[in-house]
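Report on the structure given below.
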Amino acid sequence: MTEPSHPANALELKDLSVAYRVGRRDRAVLRNVNLTIKAGEAYGLVGESGCGKSTVALSVVRYLPRNGSITGGSIALDGKDVMKLDAEALRRARADSVSMVYQDPGKALNPSLRIGRQLTEIFELAGVTGQAAEDKALAMLNRVRISDPASVMQRYPHQLSGGMQQRVAIAMALANDPSMLILDEPTTGLDATVEAEVLDLIGQLRRELSASILFISHNLAVVSNMCDRVGVLYAGMLVEEGSTKDVFNDPRHPYTVALLRCLPRGGQRKDQGRLDTIPGFLPGIGATIVGCAFADRCALATERCRAEPPPLYDPGGGRLSRCHYHDKAQSLPRATPAEIVAAAPKQAPPVLQVEGLNKTYASHGRPLRAVKDVSVSLRAGETLGLVGESGSGKTTFARLLLGLVPPDEGGSIELEGKKLAPRLASRSEEQVKAVQIVFQNPDSALNRSHSIRHILSRALKRLGGLSGKTLDTRLEELVRSVRLTDRHLAVKPRQLSGGLKQRVAIARAFAGEPRIVVCDEPTSALDVSVQAAILNLLADLQSRQDVSYIFISHDLGVVRYLSDKIAVLYLGRIMEFGPSEAVFSGPHHPYTEALLSAVPQLDRTESSRIRLDGEIPSAANPPTGCVFHTRCPRKIGAICETQEPELTEAQPGHTIRCHIPYAELARLQKPKVVEPA
Amino acid sequence: MSATDTPASLPAPSAPDTTRRSPWGEVLHSLFRSGTFLTGLFILLFWVVCALFGQHFVPYDPLESDIINSLTPPAADHWFGTDQLGRDVFSRVIVGSRDILTVAPLATILATLAGTALGLVIGYFRGIVDDIVSRVLEAFMAIPVVIIALLAIVALGTSKITVIVVIGLSFAPIIARTVRSAVLAERELDYVAAAKLRHEGALHTMFVEILPNVIPPILVETTVRLGYAIFAVATLSFMGFGIQPPSPDWGLSISSNYGMIGGGFWWTVLFDALAIASLVIGVNLVADGVHGAFND
């Protein structure tokens, strides 16, 4: 960690309280938050959605929404009290000393201005004009390591990929050489490989610049890799603070302990035990909190916790914990027992057999091969994990299976030995109910005009062929099997939290006793504690009903937890396919290797990562030879550029599409002691 | 799914949040806090009361002529004066709201029903159906209402029904276009895919799954159309194609009296014109309020 270059603190929040006015009542969002970021320091703020992370960021620049107000405390930026600044001084402070980078770079950039114009504007505001401003803009783009900055200057935001847009947003944020840089979930919408690049960039810039960083993220691993110190926010209160290493390795608040336990770590798998969860819910904004805010969800809580609000204790070593029993926090009992019923060994015939599946779209008159020659097989009760960057064809493959889009002529999909018609409309009722899906976004997947009862009853009627009394009985069972109750039936989806909505979506997919359920990023919109509960539910349902999953996720830890087999896709082609453990532990395809190495990890010790250069090429114009050769760090020569490698069997059941022989891959990848995902 | 008990170990999710207002509650709440909407509603309700009960409280029979007192200017016994047949203008304006407030809303309802059904179909099926029907609708929209009215009257003869059908059908394409664009956005949502994965028929998907979610834009469009429909009815009556004498209808009254403005008998026309204007403004204020409430 860099030593502070000057003694003043870059940011100091003292007893900051913020309230939002909703329905004529002020509801507290931040409660007496004290937080100090030293000059040159990177401070991470973590917590689940709704805990007030972004409100902290917005308060610092006094950019709260109209119904938000600072109800107490003070904010000092570089020793200046932000609350006392008049409009003009505030504007100057925003222009000169603080910069923010938001989650969605697409929205942060003006879509109708060229990148060059947007960047030079910042320098023009600072008094630099003409060629000088343009030169500075160019230098800024160089600084964020954009290749060919001169041409990027001429482009519009929509012509850049998400990663490039975020680089431009960072360049803009750094243009005025701010003393404070606020990053609000800067990599959340990006692919793991791109995320890794952006994080690397931020890490490098930190060393070059003097800026202090406030890094806000729900992703504990990202924060652990980026920050010197970390604060854990819960219900608008700072519940724990300390150096990143201490907080993540030796947490002193039960909430931090529980949060860390929700993540599948160190290659944990569904047959090794359930994930732990956090019972209950975050107190709603503006809830009256007596005692400890976390007491209702904490198994260690005593009468004292419910009555007496804990102060910020100092367990020593520059740490703080808002828990009466901070020394015992790690003895927090599990909320969900780990043990599970061992699933029966799977030697059943394949439930799904896909042979030579292709899907070609027309893109500006040229063929775009979204899925190319994909063959996989899956047994009952198994999970096939699909991984790859966005644009790799994961979702298209899932839609082909479901029959939502018809595949090209040729390939075949067999369900339990019987051929599935390419189009949904020509599949039999039996086949339709056998293949179902849990979508990524339950808000889109559940009809917002219908009650939960309507949604599930309709599914039972159409997929289960039930009616009347039997339907009601099954409805009750179905609801119970996803851990919902009768109370949830009468309401509309909007009255449920994200996790509960996803349970409804899962119940709907299971209404007709499916054989295969496609799970398309089912937990990526959820907080980690909710994600753990949903993953447990999926694993339980699978072991009880012998259903197979096609599991799509960008979170490799999650994929590894649930999958028996993995297919790694790149530009619609399978690059590697095999048993989950074999694919994860390697030796693996260079692309798999890069994907695994891009994942930010809590437990990572070594820091050498494999970087992929550039973006995923367009599927409408794929590279010749091996489609991965343009980005492959292990490219061996001309053969990669001219000849597409076959998918060859490296070991029984484990196939890799690479010119490098398996033994050679093993030798190349051996020295790295990677503990993937 | 088997009936086995779920492991008691999984955490039970909490109760649903029933404290939140329903979306419709939210809309009503913001409607009744909107000055625009309340003003519009007040004007509209005033004319509705006049239409329903006006004949019971007006001082004179709006149809009874009194030639001796013809064309008297506004005074204490005839607030708005009298027309050339000596009929009381005030009574005629009040009762004259009746026909327009029957014909215009019925035409709007017809337009909404036809337009919604059409919009759902073309938005849901897209492709060739959409291409053909949309071009036909556009061609239809290019023809002025008056021309359509002339054609219809030749074919069907003058009656209130004709006016309702003419205005209803000529407004339907506009509503269909609004519904279509809402449906296009809606059909991309995953619940529509989920319906397909249950082998739901097109009718079910359109009317049970999608329709409830496109009601807000339909309601907004309907209130906006009502304003235009009032105008259209008045126009047709003025031209003699719509409501027929001896109705005290506003458009009709203006039509039979406007020649007398030159003679200085302004009161025979002005109050009817103001009535039409106030009703249209009232409806448009309501439409603005509804639009605002749905787009907050």
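Chain identifiers are assigned as A, B, and so on, following the order in which chains appear in the structure tokens; residues are numbered from 1 within each chain, and ligands are numbered from 1 in order of appearance.
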Show me, as a ChimeraX atom specification, the residues that have an atom within 10 Å of range 280-285 of chain B when counting only C-alpha atoms, minus same-chain residues fewer than 2 positions from it. /B:35-47,223-231,274-278,287-291
Among range 445-637 of chain A, which ones does DSSP assign to strand (DSSP E or B) (computed from the backbone)? Answer as number ranges by chain. A: 516-520, 548-552, 565-570, 573-579
At a cut-off of 7 Å, using only C-alpha atoms, what residues contact Pro62 in chain B? Leave out same-chain residues fewer than 5 positions from it and give the result as a PyMOL selection string. chain B and resi 87-88+91-92+248
Got a sec: who's within 10 Å of Tyr124 in chain B, counting only C-alpha atoms, leaving out chain neighbours fewer than 5 positions off, as a PyMOL selection string? chain B and resi 118-119+129-130+180-181+183-188+202-203+205-206+210
If we count only C-alpha atoms, which residues of chain A reach to within 8 Å of chain B? Please list them as an MDAnalysis selection string. chainID A and resid 277:281 335:337 402 404 424:425 429 432:433 436:437 439 444:449 459 462:463 477:478 480:481 483:484 487:488 491 495:497 500 510:513 533 544:545
Rounded to one decimal in Å, what is the spacing between CA of Arg261 in chain A and CA of Leu535 in chain A?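 The value is 13.4 Å.
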